[in-house]
$ cat input-v3.txt   # compact mmCIF, N, CA and C atoms
# COMPACT_ATOMS: atom_id res chain seq x y z
N MET J 1 99.47 117.85 55.68
CA MET J 1 99.31 116.95 56.81
C MET J 1 97.85 116.97 57.25
N THR J 2 97.31 115.81 57.50
CA THR J 2 95.91 115.69 57.89
C THR J 2 95.77 115.87 59.40
N SER J 3 94.54 116.12 59.80
CA SER J 3 94.29 116.32 61.24
C SER J 3 94.52 115.04 62.02
N SER J 4 94.26 113.87 61.40
CA SER J 4 94.47 112.61 62.11
C SER J 4 95.96 112.37 62.35
N THR J 5 96.80 112.76 61.39
CA THR J 5 98.25 112.61 61.56
C THR J 5 98.73 113.52 62.67
N SER J 6 98.19 114.74 62.70
CA SER J 6 98.56 115.71 63.74
C SER J 6 98.11 115.20 65.12
N SER J 7 96.91 114.63 65.17
CA SER J 7 96.40 114.09 66.44
C SER J 7 97.27 112.95 66.94
N LYS J 8 97.67 112.08 66.03
CA LYS J 8 98.52 110.96 66.41
C LYS J 8 99.86 111.45 66.93
N ARG J 9 100.41 112.47 66.28
CA ARG J 9 101.70 113.02 66.70
C ARG J 9 101.57 113.67 68.08
N ASN J 10 100.48 114.43 68.30
CA ASN J 10 100.25 115.05 69.61
C ASN J 10 100.10 114.00 70.70
N LEU J 11 99.38 112.94 70.39
CA LEU J 11 99.21 111.85 71.34
C LEU J 11 100.55 111.19 71.66
N ALA J 12 101.35 110.97 70.64
CA ALA J 12 102.67 110.37 70.85
C ALA J 12 103.55 111.26 71.70
N ASN J 13 103.49 112.58 71.47
CA ASN J 13 104.29 113.52 72.26
C ASN J 13 103.84 113.53 73.72
N ARG J 14 102.52 113.49 73.93
CA ARG J 14 102.01 113.45 75.31
C ARG J 14 102.45 112.18 76.02
N GLU J 15 102.38 111.06 75.32
CA GLU J 15 102.81 109.79 75.90
C GLU J 15 104.30 109.83 76.24
N LYS J 16 105.09 110.43 75.37
CA LYS J 16 106.53 110.53 75.60
C LYS J 16 106.82 111.38 76.83
N ARG J 17 106.12 112.53 76.96
CA ARG J 17 106.30 113.40 78.14
C ARG J 17 105.86 112.69 79.41
N ARG J 18 104.74 111.95 79.34
CA ARG J 18 104.24 111.21 80.50
C ARG J 18 105.26 110.15 80.92
N TRP J 19 105.86 109.47 79.95
CA TRP J 19 106.86 108.45 80.24
C TRP J 19 108.10 109.07 80.88
N GLN J 20 108.53 110.24 80.38
CA GLN J 20 109.69 110.91 80.94
C GLN J 20 109.43 111.33 82.39
N LEU J 21 108.23 111.84 82.66
CA LEU J 21 107.87 112.23 84.02
C LEU J 21 107.86 111.01 84.94
N PHE J 22 107.32 109.91 84.44
CA PHE J 22 107.30 108.66 85.21
C PHE J 22 108.71 108.22 85.55
N LYS J 23 109.62 108.28 84.57
CA LYS J 23 111.00 107.86 84.80
C LYS J 23 111.67 108.75 85.84
N LYS J 24 111.41 110.06 85.82
CA LYS J 24 111.99 110.97 86.81
C LYS J 24 111.50 110.61 88.21
N LYS J 25 110.20 110.35 88.33
CA LYS J 25 109.65 109.98 89.63
C LYS J 25 110.22 108.64 90.09
N GLU J 26 110.35 107.71 89.16
CA GLU J 26 110.89 106.39 89.49
C GLU J 26 112.34 106.51 89.97
N ASP J 27 113.13 107.35 89.30
CA ASP J 27 114.52 107.55 89.71
C ASP J 27 114.61 108.19 91.09
N ALA J 28 113.74 109.17 91.35
CA ALA J 28 113.73 109.83 92.66
C ALA J 28 113.35 108.83 93.76
N LEU J 29 112.37 108.00 93.48
CA LEU J 29 111.94 106.99 94.44
C LEU J 29 113.06 105.99 94.70
N ARG J 30 113.75 105.58 93.64
CA ARG J 30 114.85 104.64 93.78
C ARG J 30 115.96 105.24 94.66
N ASP J 31 116.26 106.52 94.44
CA ASP J 31 117.29 107.19 95.25
C ASP J 31 116.89 107.23 96.73
N GLN J 32 115.62 107.55 97.00
CA GLN J 32 115.15 107.59 98.38
C GLN J 32 115.22 106.21 99.02
N LEU J 33 114.84 105.20 98.27
CA LEU J 33 114.87 103.83 98.79
C LEU J 33 116.30 103.40 99.09
N GLU J 34 117.23 103.71 98.20
CA GLU J 34 118.63 103.35 98.43
C GLU J 34 119.20 104.05 99.65
N ALA J 35 118.83 105.32 99.86
CA ALA J 35 119.28 106.05 101.05
C ALA J 35 118.71 105.41 102.32
N LEU J 36 117.44 105.03 102.27
CA LEU J 36 116.81 104.39 103.42
C LEU J 36 117.46 103.05 103.74
N ILE J 37 117.74 102.27 102.71
CA ILE J 37 118.38 100.96 102.91
C ILE J 37 119.76 101.14 103.53
N LEU J 38 120.53 102.10 103.05
CA LEU J 38 121.85 102.36 103.60
C LEU J 38 121.75 102.78 105.06
N GLN J 39 120.78 103.63 105.37
CA GLN J 39 120.57 104.07 106.75
C GLN J 39 120.21 102.89 107.64
N MET J 40 119.34 102.00 107.17
CA MET J 40 118.94 100.84 107.95
C MET J 40 120.13 99.90 108.16
N TYR J 41 120.93 99.71 107.12
CA TYR J 41 122.11 98.85 107.22
C TYR J 41 123.09 99.40 108.25
N LYS J 42 123.33 100.70 108.21
CA LYS J 42 124.27 101.31 109.14
C LYS J 42 123.74 101.33 110.58
N SER J 43 122.43 101.20 110.71
CA SER J 43 121.81 101.15 112.04
C SER J 43 121.72 99.73 112.58
N ASN J 44 122.30 98.78 111.85
CA ASN J 44 122.33 97.37 112.24
C ASN J 44 120.93 96.76 112.37
N ILE J 45 120.05 97.12 111.47
CA ILE J 45 118.72 96.53 111.46
C ILE J 45 118.78 95.25 110.63
N PHE J 46 118.26 94.17 111.21
CA PHE J 46 118.27 92.89 110.51
C PHE J 46 117.32 92.92 109.32
N TYR J 47 117.64 92.09 108.35
CA TYR J 47 116.83 91.99 107.13
C TYR J 47 115.38 91.66 107.47
N SER J 48 115.16 90.68 108.33
CA SER J 48 113.79 90.26 108.67
C SER J 48 113.01 91.40 109.31
N GLU J 49 113.67 92.20 110.15
CA GLU J 49 113.00 93.35 110.77
C GLU J 49 112.65 94.40 109.72
N ALA J 50 113.55 94.63 108.79
CA ALA J 50 113.33 95.62 107.73
C ALA J 50 112.16 95.21 106.84
N VAL J 51 112.12 93.93 106.46
CA VAL J 51 111.04 93.43 105.61
C VAL J 51 109.71 93.52 106.34
N ARG J 52 109.70 93.14 107.60
CA ARG J 52 108.47 93.21 108.40
C ARG J 52 107.97 94.64 108.51
N GLU J 53 108.85 95.58 108.78
CA GLU J 53 108.45 96.98 108.91
C GLU J 53 107.95 97.54 107.58
N PHE J 54 108.62 97.15 106.48
CA PHE J 54 108.18 97.61 105.17
C PHE J 54 106.78 97.09 104.87
N LYS J 55 106.56 95.80 105.09
CA LYS J 55 105.24 95.20 104.86
C LYS J 55 104.17 95.92 105.66
N LYS J 56 104.48 96.14 106.92
CA LYS J 56 103.51 96.77 107.82
C LYS J 56 103.16 98.17 107.33
N ARG J 57 104.16 98.97 107.01
CA ARG J 57 103.91 100.35 106.56
C ARG J 57 103.17 100.38 105.22
N PHE J 58 103.55 99.48 104.32
CA PHE J 58 102.94 99.43 102.99
C PHE J 58 101.46 99.07 103.11
N ILE J 59 101.18 98.03 103.87
CA ILE J 59 99.80 97.59 104.05
C ILE J 59 98.98 98.65 104.79
N LEU J 60 99.56 99.26 105.81
CA LEU J 60 98.86 100.31 106.55
C LEU J 60 98.49 101.48 105.64
N THR J 61 99.40 101.86 104.76
CA THR J 61 99.15 102.97 103.85
C THR J 61 97.98 102.66 102.92
N VAL J 62 97.98 101.46 102.35
CA VAL J 62 96.89 101.08 101.44
C VAL J 62 95.58 100.96 102.20
N LEU J 63 95.61 100.42 103.40
CA LEU J 63 94.39 100.33 104.21
C LEU J 63 93.86 101.72 104.57
N GLN J 64 94.75 102.64 104.89
CA GLN J 64 94.31 104.01 105.21
C GLN J 64 93.65 104.66 104.00
N GLU J 65 94.21 104.44 102.83
CA GLU J 65 93.63 105.00 101.61
C GLU J 65 92.25 104.43 101.32
N ASN J 66 91.98 103.25 101.84
CA ASN J 66 90.69 102.58 101.61
C ASN J 66 89.83 102.57 102.87
N ASN J 67 90.13 103.42 103.83
CA ASN J 67 89.36 103.54 105.08
C ASN J 67 89.16 102.21 105.79
N GLY J 68 90.19 101.37 105.75
CA GLY J 68 90.14 100.09 106.45
C GLY J 68 89.42 98.99 105.70
N ASN J 69 88.96 99.26 104.48
CA ASN J 69 88.25 98.25 103.69
C ASN J 69 89.26 97.23 103.16
N GLN J 70 89.22 96.03 103.73
CA GLN J 70 90.20 95.01 103.38
C GLN J 70 90.01 94.46 101.97
N CYS J 71 88.78 94.38 101.49
CA CYS J 71 88.54 93.86 100.14
C CYS J 71 89.18 94.77 99.09
N ARG J 72 88.93 96.07 99.21
CA ARG J 72 89.51 97.01 98.25
C ARG J 72 91.02 97.07 98.37
N ALA J 73 91.52 97.05 99.62
CA ALA J 73 92.96 97.10 99.85
C ALA J 73 93.64 95.87 99.25
N ALA J 74 93.06 94.71 99.46
CA ALA J 74 93.63 93.47 98.93
C ALA J 74 93.68 93.53 97.41
N ARG J 75 92.62 94.04 96.79
CA ARG J 75 92.59 94.16 95.33
C ARG J 75 93.72 95.07 94.85
N GLN J 76 93.93 96.19 95.53
CA GLN J 76 94.99 97.12 95.13
C GLN J 76 96.37 96.54 95.38
N LEU J 77 96.50 95.71 96.40
CA LEU J 77 97.78 95.09 96.70
C LEU J 77 98.06 93.88 95.82
N GLY J 78 97.05 93.40 95.13
CA GLY J 78 97.22 92.24 94.26
C GLY J 78 97.29 90.94 95.03
N MET J 79 96.54 90.87 96.14
CA MET J 79 96.52 89.63 96.93
C MET J 79 95.08 89.28 97.29
N HIS J 80 94.88 88.06 97.73
CA HIS J 80 93.56 87.62 98.15
C HIS J 80 93.22 88.25 99.49
N ARG J 81 91.94 88.51 99.70
CA ARG J 81 91.49 89.12 100.94
C ARG J 81 91.89 88.30 102.16
N ASN J 82 91.81 86.97 102.06
CA ASN J 82 92.19 86.13 103.20
C ASN J 82 93.68 86.24 103.51
N THR J 83 94.50 86.35 102.48
CA THR J 83 95.94 86.52 102.68
C THR J 83 96.22 87.84 103.37
N LEU J 84 95.52 88.90 102.95
CA LEU J 84 95.69 90.20 103.60
C LEU J 84 95.25 90.12 105.05
N SER J 85 94.13 89.50 105.31
CA SER J 85 93.63 89.37 106.68
C SER J 85 94.63 88.62 107.56
N ARG J 86 95.20 87.54 107.04
CA ARG J 86 96.20 86.77 107.80
C ARG J 86 97.45 87.61 108.05
N THR J 87 97.88 88.37 107.03
CA THR J 87 99.07 89.21 107.17
C THR J 87 98.83 90.31 108.19
N ILE J 88 97.63 90.88 108.19
CA ILE J 88 97.27 91.92 109.17
C ILE J 88 97.38 91.33 110.58
N SER J 89 96.90 90.11 110.76
CA SER J 89 96.98 89.46 112.07
C SER J 89 98.43 89.19 112.46
N GLU J 90 99.22 88.69 111.50
CA GLU J 90 100.62 88.39 111.80
C GLU J 90 101.41 89.64 112.16
N LEU J 91 101.10 90.76 111.51
CA LEU J 91 101.82 92.01 111.77
C LEU J 91 101.23 92.80 112.93
N LYS J 92 100.14 92.25 113.51
CA LYS J 92 99.46 92.87 114.65
C LYS J 92 99.03 94.32 114.33
N ILE J 93 98.38 94.47 113.18
CA ILE J 93 97.86 95.77 112.77
C ILE J 93 96.43 95.90 113.29
N ASP J 94 96.14 97.00 113.98
CA ASP J 94 94.80 97.24 114.49
C ASP J 94 94.04 98.07 113.45
N ILE J 95 93.13 97.42 112.72
CA ILE J 95 92.43 98.12 111.65
C ILE J 95 91.22 98.90 112.16
N ARG J 96 90.85 98.71 113.42
CA ARG J 96 89.71 99.46 113.97
C ARG J 96 89.95 100.95 113.90
N GLN J 97 91.21 101.36 114.08
CA GLN J 97 91.55 102.79 114.04
C GLN J 97 91.38 103.35 112.63
N LEU J 98 91.52 102.51 111.62
CA LEU J 98 91.47 102.96 110.24
C LEU J 98 90.03 103.13 109.74
N ARG J 99 89.11 102.48 110.36
CA ARG J 99 87.73 102.51 109.88
C ARG J 99 87.00 103.79 110.24
N ALA J 100 87.56 104.61 111.10
CA ALA J 100 86.99 105.92 111.48
C ALA J 100 85.56 105.81 111.99
N GLY J 101 85.26 104.71 112.67
CA GLY J 101 83.95 104.57 113.29
C GLY J 101 82.80 104.39 112.31
N VAL J 102 83.09 104.20 111.04
CA VAL J 102 82.03 104.03 110.05
C VAL J 102 81.54 102.58 110.12
N LYS J 103 80.27 102.45 110.41
CA LYS J 103 79.69 101.12 110.48
C LYS J 103 78.45 101.07 109.60
N ARG J 104 78.09 99.89 109.21
CA ARG J 104 76.89 99.69 108.43
C ARG J 104 75.69 99.96 109.33
N PRO J 105 74.67 100.66 108.82
CA PRO J 105 73.50 100.91 109.68
C PRO J 105 72.75 99.61 109.95
N PRO J 106 72.03 99.56 111.07
CA PRO J 106 71.27 98.34 111.37
C PRO J 106 70.20 98.12 110.30
N ARG J 107 69.75 96.87 110.18
CA ARG J 107 68.76 96.54 109.15
C ARG J 107 67.50 97.40 109.25
N SER J 108 67.12 97.74 110.46
CA SER J 108 65.90 98.54 110.63
C SER J 108 66.06 99.95 110.04
N ALA J 109 67.28 100.43 109.94
CA ALA J 109 67.51 101.77 109.40
C ALA J 109 67.80 101.78 107.90
N ARG J 110 67.98 100.61 107.31
CA ARG J 110 68.27 100.53 105.87
C ARG J 110 66.97 100.59 105.07
N PRO J 111 67.06 101.11 103.85
CA PRO J 111 65.86 101.11 103.00
C PRO J 111 65.47 99.68 102.63
N ALA J 112 64.21 99.46 102.48
CA ALA J 112 63.71 98.12 102.15
C ALA J 112 64.12 97.75 100.73
N VAL J 113 64.60 96.53 100.57
CA VAL J 113 64.97 96.01 99.26
C VAL J 113 64.00 94.89 98.93
N TYR J 114 63.39 95.00 97.79
CA TYR J 114 62.40 94.00 97.39
C TYR J 114 63.06 92.91 96.58
N ASP J 115 62.51 91.70 96.73
CA ASP J 115 63.01 90.56 95.96
C ASP J 115 62.82 90.81 94.48
N LYS J 116 63.70 90.26 93.68
CA LYS J 116 63.60 90.41 92.24
C LYS J 116 62.44 89.59 91.67
N LYS J 117 62.05 88.53 92.36
CA LYS J 117 60.94 87.72 91.90
C LYS J 117 59.63 88.47 92.17
N ALA J 118 58.82 88.52 91.19
CA ALA J 118 57.54 89.20 91.36
C ALA J 118 56.61 88.35 92.20
N VAL J 119 55.87 88.98 93.08
CA VAL J 119 54.91 88.28 93.92
C VAL J 119 53.67 88.02 93.08
N ARG J 120 53.19 86.79 93.08
CA ARG J 120 52.02 86.43 92.24
C ARG J 120 50.78 86.41 93.03
$ encode --input "input-v3.txt" --output "C-alpha cells"
Amino acid sequence: MTSSTSSKRNLANREKRRWQLFKKKEDALRDQLEALILQMYKSNIFYSEAVREFKKRFILTVLQENNGNQCRAARQLGMHRNTLSRTISELKIDIRQLRAGVKRPPRSARPAVYDKKAVR
C-alpha cells in the first residue's frame, strides 16, 4: 500500500468521524427544538409570537457575535444589510447595547491616508 492510498483512507476516516459528530449534534439540537416547541404549544403561545421571538433571539445572537456590526451579521445570516436593518427596526432591537461603545475615531485622530494618484 502506498502512502497516498493511506493518506486518502485517513482523510476518508476523518471525514466520516466528522460527519458522525455533526449528525449527533444535529439530532441533539432537533430534540431540544422539539421540546421547546411542545413547551410553547402547551403554554398557548401563538405561532406569530413564537416566530417573532425566534427571529429576535436568532438575530440578536448573530449581532452579539459580531459586536453589533450589521454588515457582517447580515452576511452570516444570508440576507441583505438593508433587510437586516429593517428587521431590526421591526423587532425593536436596540443595537447600541451590542456595540460596546466602540466608535470610529474622529478624522483628526486617524492616520493620514495618501491618494493613490501620484502628485506631479
$ closest_atom_pairs --input "input-v3.txt" --of "segment 85-106 of chain J" --to "segment 59-79 of chain J" --cutoff "6 Å" --atoms "all atoms listed in the file" --output "CSV"
residue,atom,partner,partner_atom,distance
J:Ile95,C,J:Gly68,CA,5.9
J:Leu98,C,J:Asn67,C,4.1
J:Arg99,CA,J:Asn67,C,4.3
$ atom_distance --input "input-v3.txt" --atom1 "atom N of Ser43 of chain J" --atom2 "atom CA of Arg30 of chain J"
18.9 Å
$ select_by_dssp --input "input-v3.txt" --residues "chain J" --states "helix (DSSP H, G or I)" --output "ChimeraX atom specification"
/J:3-42,47-65,70-77,81-90,95-97,107-109
$ atom_distance --input "input-v3.txt" --atom1 "atom CA of Asp94 of chain J" --atom2 "atom C of Arg57 of chain J"
12.9 Å
$ atom_distance --input "input-v3.txt" --atom1 "atom CA of Thr87 of chain J" --atom2 "atom C of Val51 of chain J"
11.5 Å
$ decode --input "input-v3.txt" --residues "segment 76-111 of chain J" --atoms "N, CA and C atoms" --output "mmCIF file, in the first residue's frame"
data_model
loop_
_atom_site.group_PDB
_atom_site.id
_atom_site.type_symbol
_atom_site.label_atom_id
_atom_site.label_comp_id
_atom_site.auth_asym_id
_atom_site.auth_seq_id
_atom_site.Cartn_x
_atom_site.Cartn_y
_atom_site.Cartn_z
ATOM 1 N N GLN J 76 -23.549 36.714 7.511
ATOM 2 C CA GLN J 76 -23.658 35.409 8.166
ATOM 3 C C GLN J 76 -25.082 34.883 8.163
ATOM 4 N N LEU J 77 -26.050 35.779 8.196
ATOM 5 C CA LEU J 77 -27.450 35.371 8.171
ATOM 6 C C LEU J 77 -27.938 35.067 6.756
ATOM 7 N N GLY J 78 -27.162 35.457 5.763
ATOM 8 C CA GLY J 78 -27.549 35.211 4.379
ATOM 9 C C GLY J 78 -28.629 36.152 3.894
ATOM 10 N N MET J 79 -28.581 37.397 4.383
ATOM 11 C CA MET J 79 -29.562 38.391 3.945
ATOM 12 C C MET J 79 -28.853 39.699 3.622
ATOM 13 N N HIS J 80 -29.555 40.581 2.943
ATOM 14 C CA HIS J 80 -29.002 41.885 2.604
ATOM 15 C C HIS J 80 -28.977 42.750 3.861
ATOM 16 N N ARG J 81 -27.998 43.630 3.931
ATOM 17 C CA ARG J 81 -27.856 44.513 5.088
ATOM 18 C C ARG J 81 -29.103 45.358 5.310
ATOM 19 N N ASN J 82 -29.720 45.836 4.226
ATOM 20 C CA ASN J 82 -30.930 46.658 4.374
ATOM 21 C C ASN J 82 -32.089 45.845 4.944
ATOM 22 N N THR J 83 -32.191 44.582 4.547
ATOM 23 C CA THR J 83 -33.239 43.707 5.080
ATOM 24 C C THR J 83 -33.018 43.491 6.568
ATOM 25 N N LEU J 84 -31.760 43.276 6.962
ATOM 26 C CA LEU J 84 -31.457 43.104 8.384
ATOM 27 C C LEU J 84 -31.795 44.370 9.149
ATOM 28 N N SER J 85 -31.421 45.509 8.619
ATOM 29 C CA SER J 85 -31.704 46.787 9.282
ATOM 30 C C SER J 85 -33.207 46.984 9.470
ATOM 31 N N ARG J 86 -33.984 46.677 8.442
ATOM 32 C CA ARG J 86 -35.444 46.809 8.529
ATOM 33 C C ARG J 86 -36.017 45.837 9.561
ATOM 34 N N THR J 87 -35.491 44.608 9.582
ATOM 35 C CA THR J 87 -35.963 43.603 10.538
ATOM 36 C C THR J 87 -35.626 44.018 11.964
ATOM 37 N N ILE J 88 -34.440 44.589 12.154
ATOM 38 C CA ILE J 88 -34.037 45.082 13.481
ATOM 39 C C ILE J 88 -35.018 46.156 13.943
ATOM 40 N N SER J 89 -35.401 47.040 13.039
ATOM 41 C CA SER J 89 -36.368 48.098 13.383
ATOM 42 C C SER J 89 -37.733 47.507 13.710
ATOM 43 N N GLU J 90 -38.174 46.545 12.888
ATOM 44 C CA GLU J 90 -39.488 45.931 13.116
ATOM 45 C C GLU J 90 -39.540 45.187 14.449
ATOM 46 N N LEU J 91 -38.434 44.538 14.824
ATOM 47 C CA LEU J 91 -38.400 43.773 16.074
ATOM 48 C C LEU J 91 -38.031 44.633 17.275
ATOM 49 N N LYS J 92 -37.768 45.925 17.011
ATOM 50 C CA LYS J 92 -37.417 46.887 18.059
ATOM 51 C C LYS J 92 -36.197 46.419 18.867
ATOM 52 N N ILE J 93 -35.156 46.033 18.138
ATOM 53 C CA ILE J 93 -33.901 45.616 18.758
ATOM 54 C C ILE J 93 -33.010 46.841 18.897
ATOM 55 N N ASP J 94 -32.495 47.073 20.102
ATOM 56 C CA ASP J 94 -31.595 48.200 20.344
ATOM 57 C C ASP J 94 -30.163 47.709 20.169
ATOM 58 N N ILE J 95 -29.545 48.061 19.042
ATOM 59 C CA ILE J 95 -28.198 47.560 18.768
ATOM 60 C C ILE J 95 -27.114 48.393 19.438
ATOM 61 N N ARG J 96 -27.473 49.533 20.004
ATOM 62 C CA ARG J 96 -26.470 50.360 20.688
ATOM 63 C C ARG J 96 -25.817 49.601 21.826
ATOM 64 N N GLN J 97 -26.586 48.742 22.489
ATOM 65 C CA GLN J 97 -26.050 47.957 23.607
ATOM 66 C C GLN J 97 -25.030 46.928 23.118
ATOM 67 N N LEU J 98 -25.165 46.493 21.882
ATOM 68 C CA LEU J 98 -24.298 45.453 21.343
ATOM 69 C C LEU J 98 -22.947 45.996 20.882
ATOM 70 N N ARG J 99 -22.885 47.258 20.599
ATOM 71 C CA ARG J 99 -21.661 47.834 20.044
ATOM 72 C C ARG J 99 -20.586 48.068 21.097
ATOM 73 N N ALA J 100 -20.915 47.957 22.362
ATOM 74 C CA ALA J 100 -19.961 48.089 23.474
ATOM 75 C C ALA J 100 -19.187 49.408 23.432
ATOM 76 N N GLY J 101 -19.849 50.452 22.972
ATOM 77 C CA GLY J 101 -19.233 51.773 22.992
ATOM 78 C C GLY J 101 -18.076 51.948 22.025
ATOM 79 N N VAL J 102 -17.851 51.002 21.141
ATOM 80 C CA VAL J 102 -16.758 51.108 20.179
ATOM 81 C C VAL J 102 -17.206 52.010 19.037
ATOM 82 N N LYS J 103 -16.476 53.084 18.871
ATOM 83 C CA LYS J 103 -16.797 54.016 17.794
ATOM 84 C C LYS J 103 -15.548 54.264 16.970
ATOM 85 N N ARG J 104 -15.758 54.680 15.758
ATOM 86 C CA ARG J 104 -14.658 55.033 14.880
ATOM 87 C C ARG J 104 -14.014 56.309 15.412
ATOM 88 N N PRO J 105 -12.684 56.380 15.427
ATOM 89 C CA PRO J 105 -12.049 57.616 15.921
ATOM 90 C C PRO J 105 -12.321 58.775 14.969
ATOM 91 N N PRO J 106 -12.293 60.002 15.483
ATOM 92 C CA PRO J 106 -12.526 61.151 14.604
ATOM 93 C C PRO J 106 -11.413 61.235 13.557
ATOM 94 N N ARG J 107 -11.707 61.912 12.457
ATOM 95 C CA ARG J 107 -10.731 62.013 11.365
ATOM 96 C C ARG J 107 -9.391 62.578 11.830
ATOM 97 N N SER J 108 -9.429 63.493 12.769
ATOM 98 C CA SER J 108 -8.183 64.109 13.236
ATOM 99 C C SER J 108 -7.292 63.087 13.959
ATOM 100 N N ALA J 109 -7.882 62.039 14.501
ATOM 101 C CA ALA J 109 -7.103 61.033 15.228
ATOM 102 C C ALA J 109 -6.675 59.859 14.353
ATOM 103 N N ARG J 110 -7.185 59.790 13.127
ATOM 104 C CA ARG J 110 -6.840 58.690 12.223
ATOM 105 C C ARG J 110 -5.523 58.988 11.513
ATOM 106 N N PRO J 111 -4.794 57.933 11.159
ATOM 107 C CA PRO J 111 -3.563 58.161 10.389
ATOM 108 C C PRO J 111 -3.894 58.705 9.001
#
